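Colleague: Got a file for you: entry-v3.json, JSON, C-alpha atoms.
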```json
[["chain", "number", "residue", "atom", "x", "y", "z"],
["A", 54, "MET", "CA", 230.50, -6.69, -11.93],
["A", 55, "LYS", "CA", 227.87, -5.36, -9.52],
["A", 56, "LYS", "CA", 228.50, -5.25, -5.80],
["A", 57, "TYR", "CA", 225.58, -5.34, -3.37],
["A", 58, "ILE", "CA", 225.80, -4.79, 0.37],
["A", 59, "PHE", "CA", 223.11, -6.00, 2.76],
["A", 60, "LYS", "CA", 222.49, -5.69, 6.47],
["A", 61, "THR", "CA", 221.60, -9.15, 7.84],
["A", 62, "ASN", "CA", 220.54, -10.92, 11.02],
["A", 63, "ILE", "CA", 223.23, -13.60, 10.60],
["A", 64, "GLN", "CA", 224.74, -13.65, 14.08],
["A", 65, "CYS", "CA", 227.38, -16.40, 14.26],
["A", 66, "SER", "CA", 229.32, -19.06, 12.39],
["A", 67, "ASN", "CA", 226.48, -21.55, 12.96],
["A", 68, "CYS", "CA", 224.07, -19.15, 11.24],
["A", 69, "LEU", "CA", 226.62, -18.69, 8.49],
["A", 70, "SER", "CA", 226.77, -22.46, 7.94],
["A", 71, "LYS", "CA", 223.00, -22.44, 7.35],
["A", 72, "VAL", "CA", 223.04, -19.64, 4.79],
["A", 73, "SER", "CA", 226.21, -20.76, 2.98],
["A", 74, "PRO", "CA", 224.60, -23.59, 0.96],
["A", 75, "LYS", "CA", 221.79, -21.28, -0.22],
["A", 76, "LEU", "CA", 224.21, -18.62, -1.43],
["A", 77, "ASN", "CA", 226.62, -21.17, -2.91],
["A", 78, "GLU", "CA", 223.87, -22.82, -4.96],
["A", 79, "GLN", "CA", 222.62, -19.48, -6.29],
["A", 80, "THR", "CA", 223.70, -19.29, -9.93],
["A", 81, "GLY", "CA", 225.22, -15.93, -10.78],
["A", 82, "ILE", "CA", 227.01, -15.11, -7.52],
["A", 83, "HIS", "CA", 230.70, -14.57, -8.24],
["A", 84, "THR", "CA", 231.78, -14.03, -4.61],
["A", 85, "TRP", "CA", 230.09, -13.38, -1.29],
["A", 86, "GLN", "CA", 231.08, -12.89, 2.34],
["A", 87, "VAL", "CA", 229.50, -11.99, 5.66],
["A", 88, "ASP", "CA", 231.39, -9.75, 8.09],
["A", 89, "LEU", "CA", 230.45, -11.14, 11.52],
["A", 90, "GLN", "CA", 232.59, -8.46, 13.20],
["A", 91, "ASP", "CA", 230.44, -5.67, 11.76],
["A", 92, "PRO", "CA", 227.47, -4.80, 14.02],
["A", 93, "ASN", "CA", 225.25, -4.90, 10.89],
["A", 94, "ARG", "CA", 226.54, -8.38, 9.96],
["A", 95, "THR", "CA", 227.18, -7.07, 6.47],
["A", 96, "LEU", "CA", 226.74, -9.43, 3.52],
["A", 97, "THR", "CA", 228.69, -8.36, 0.42],
["A", 98, "VAL", "CA", 227.84, -10.03, -2.89],
["A", 99, "GLU", "CA", 229.49, -9.61, -6.28],
["A", 100, "THR", "CA", 227.42, -10.66, -9.30],
["A", 101, "GLU", "CA", 227.02, -9.84, -12.96],
["A", 102, "THR", "CA", 223.49, -11.15, -13.43],
["A", 103, "LEU", "CA", 221.49, -11.11, -10.17],
["A", 104, "ALA", "CA", 219.27, -8.39, -8.77],
["A", 105, "PRO", "CA", 219.21, -7.57, -5.05],
["A", 106, "GLU", "CA", 215.83, -9.32, -4.73],
["A", 107, "ASP", "CA", 217.39, -12.61, -5.93],
["A", 108, "ILE", "CA", 219.99, -12.43, -3.18],
["A", 109, "ARG", "CA", 217.41, -11.50, -0.52],
["A", 110, "LYS", "CA", 215.33, -14.53, -1.53],
["A", 111, "ALA", "CA", 218.33, -16.88, -1.24],
["A", 112, "VAL", "CA", 219.09, -15.58, 2.26],
["A", 113, "LEU", "CA", 215.42, -15.85, 3.23],
["A", 114, "LYS", "CA", 215.36, -19.52, 2.15],
["A", 115, "ALA", "CA", 217.94, -20.14, 4.88],
["A", 116, "GLY", "CA", 215.73, -18.37, 7.43],
["A", 117, "PHE", "CA", 217.54, -15.04, 7.59],
["A", 118, "ILE", "CA", 216.79, -11.47, 6.56],
["A", 119, "ALA", "CA", 218.91, -9.28, 4.30],
["A", 120, "THR", "CA", 218.09, -5.63, 3.67],
["A", 121, "GLU", "CA", 220.04, -3.67, 1.09],
["A", 122, "ASN", "CA", 222.20, -0.82, 2.41]]
```
Could you write out this structure as structure tokens?
Modeller:
Amino acid sequence: MKKYIFKTNIQCSNCLSKVSPKLNEQTGIHTWQVDLQDPNRTLTVETETLAPEDIRKAVLKAGFIATEN
């Protein structure tokens, strides 16, 4: 299992509700979470098959930016 960590511009639970469907529909994501308490709004994703670019694209579809740490 690969674990990727991204810095995002997801600021609040409303933002999280917009990105959740895009990440949930992405085939290959085992688990994901956004730490809204972290100043970098860290997104952590566990996957066996996806590359970081796939995850960035899913977040971008929801209107947010994710940059790999």
Colleague: Counting only C-alpha atoms, figure out which residue out of A:Lys114, A:Arg109, A:His83, A:Arg94 gets nearest to Thr61 in chain A.
Modeller: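 Comparing A:Lys114, A:Arg109, A:His83, A:Arg94 against Thr61 in chain A, the winner is A:Arg94.
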Colleague: What's around Glu101 in chain A at 10 Å? Count all atoms listed in the file, leave out sequence neighbours fewer than 2 positions away in its own chain, and write the answer as a list in words.
Modeller: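 Answer for this query is Met54, Lys55, Lys56, Gly81, Ile82, His83, Glu99, Leu103 and Ala104 of chain A.
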Colleague: For those residues, write C-alpha atoms to a file as a short mmCIF file (atom, residue, chain, number, x, y, z; two decimals), keeping the file's coordinate frame.
Modeller:
```
data_model
loop_
_atom_site.label_atom_id
_atom_site.label_comp_id
_atom_site.auth_asym_id
_atom_site.auth_seq_id
_atom_site.Cartn_x
_atom_site.Cartn_y
_atom_site.Cartn_z
CA MET A 54 230.50 -6.69 -11.93
CA LYS A 55 227.87 -5.36 -9.52
CA LYS A 56 228.50 -5.25 -5.80
CA GLY A 81 225.22 -15.93 -10.78
CA ILE A 82 227.01 -15.11 -7.52
CA HIS A 83 230.70 -14.57 -8.24
CA GLU A 99 229.49 -9.61 -6.28
CA LEU A 103 221.49 -11.11 -10.17
CA ALA A 104 219.27 -8.39 -8.77
#
```
Colleague: Between CA of Asn62 in chain A and CA of Thr84 in chain A, what distance in Å does the model show, to one decimal?
Modeller: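 Separation of CA of Asn62 in chain A and CA of Thr84 in chain A: 19.5 Å.
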Colleague: For a quick check of understanding, using all atoms listed in the file, which of A:Pro92, A:Asn77, A:Tyr57, A:Leu69 has the smallest distance to Glu121 in chain A?
Modeller: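 Using all atoms listed in the file, the shortest distance to Glu121 in chain A belongs to A:Tyr57.
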Colleague: Name the closest residue to Ala115 in chain A among the candidates A:Cys65, A:Leu89, A:Leu76, A:Val98; distances are taken between atoms, counting only C-alpha atoms.
Modeller: A:Leu76
Colleague: For each of A:Ser70, A:Glu78, A:Gln64, A:Phe59, take the minimum atom-to-atom distance to Ala111 in chain A, counting all atoms listed in the file, then give the residue where this is smallest.
Modeller: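 Once distances to Ala111 in chain A are computed over all atoms listed in the file, the minimum belongs to A:Glu78.
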Colleague: Taking into account only C-alpha atoms, which residue in the set A:Asp107, A:Ile118, A:Ile58, A:Thr102 is nearest to Gln86 in chain A?
Modeller: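 Counting only C-alpha atoms, the residue closest to Gln86 in chain A is A:Ile58.
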Colleague: Using only C-alpha atoms, which residues sit within 10 Å of Ile63 in chain A once same-chain residues fewer than 4 positions away are excluded, as a compact mmCIF listing (two decimals) with C-alpha atoms, in the frame of the given file?
Modeller:
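After the write, selection.txt holds the following:
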```
# COMPACT_ATOMS: atom_id res chain seq x y z
CA ASN A 67 226.48 -21.55 12.96
CA CYS A 68 224.07 -19.15 11.24
CA LEU A 69 226.62 -18.69 8.49
CA SER A 70 226.77 -22.46 7.94
CA LYS A 71 223.00 -22.44 7.35
CA VAL A 72 223.04 -19.64 4.79
CA VAL A 87 229.50 -11.99 5.66
CA ASP A 88 231.39 -9.75 8.09
CA LEU A 89 230.45 -11.14 11.52
CA ASN A 93 225.25 -4.90 10.89
CA ARG A 94 226.54 -8.38 9.96
CA THR A 95 227.18 -7.07 6.47
CA LEU A 96 226.74 -9.43 3.52
CA VAL A 112 219.09 -15.58 2.26
CA GLY A 116 215.73 -18.37 7.43
CA PHE A 117 217.54 -15.04 7.59
CA ILE A 118 216.79 -11.47 6.56
CA ALA A 119 218.91 -9.28 4.30
```
Colleague: Would you place a box with edges along x, y and z of the file around all atoms of range 66-85 of chain A listed there, add 3 Å to each of its six sides, and report the centre and edge lengths in Å to one decimal, as JSON?
Modeller:
```
{"center_x": 226.8, "center_y": -18.5, "center_z": 1.1, "size_x": 16.0, "size_y": 16.2, "size_z": 29.7}
```
Colleague: Which one of A:Lys60, A:Ser66, A:Pro105, A:Gln90 sits closest to Thr120 in chain A if you count all atoms listed in the file?
Modeller: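 Of A:Lys60, A:Ser66, A:Pro105, A:Gln90, the one nearest Thr120 in chain A is A:Lys60, counting all atoms listed in the file.
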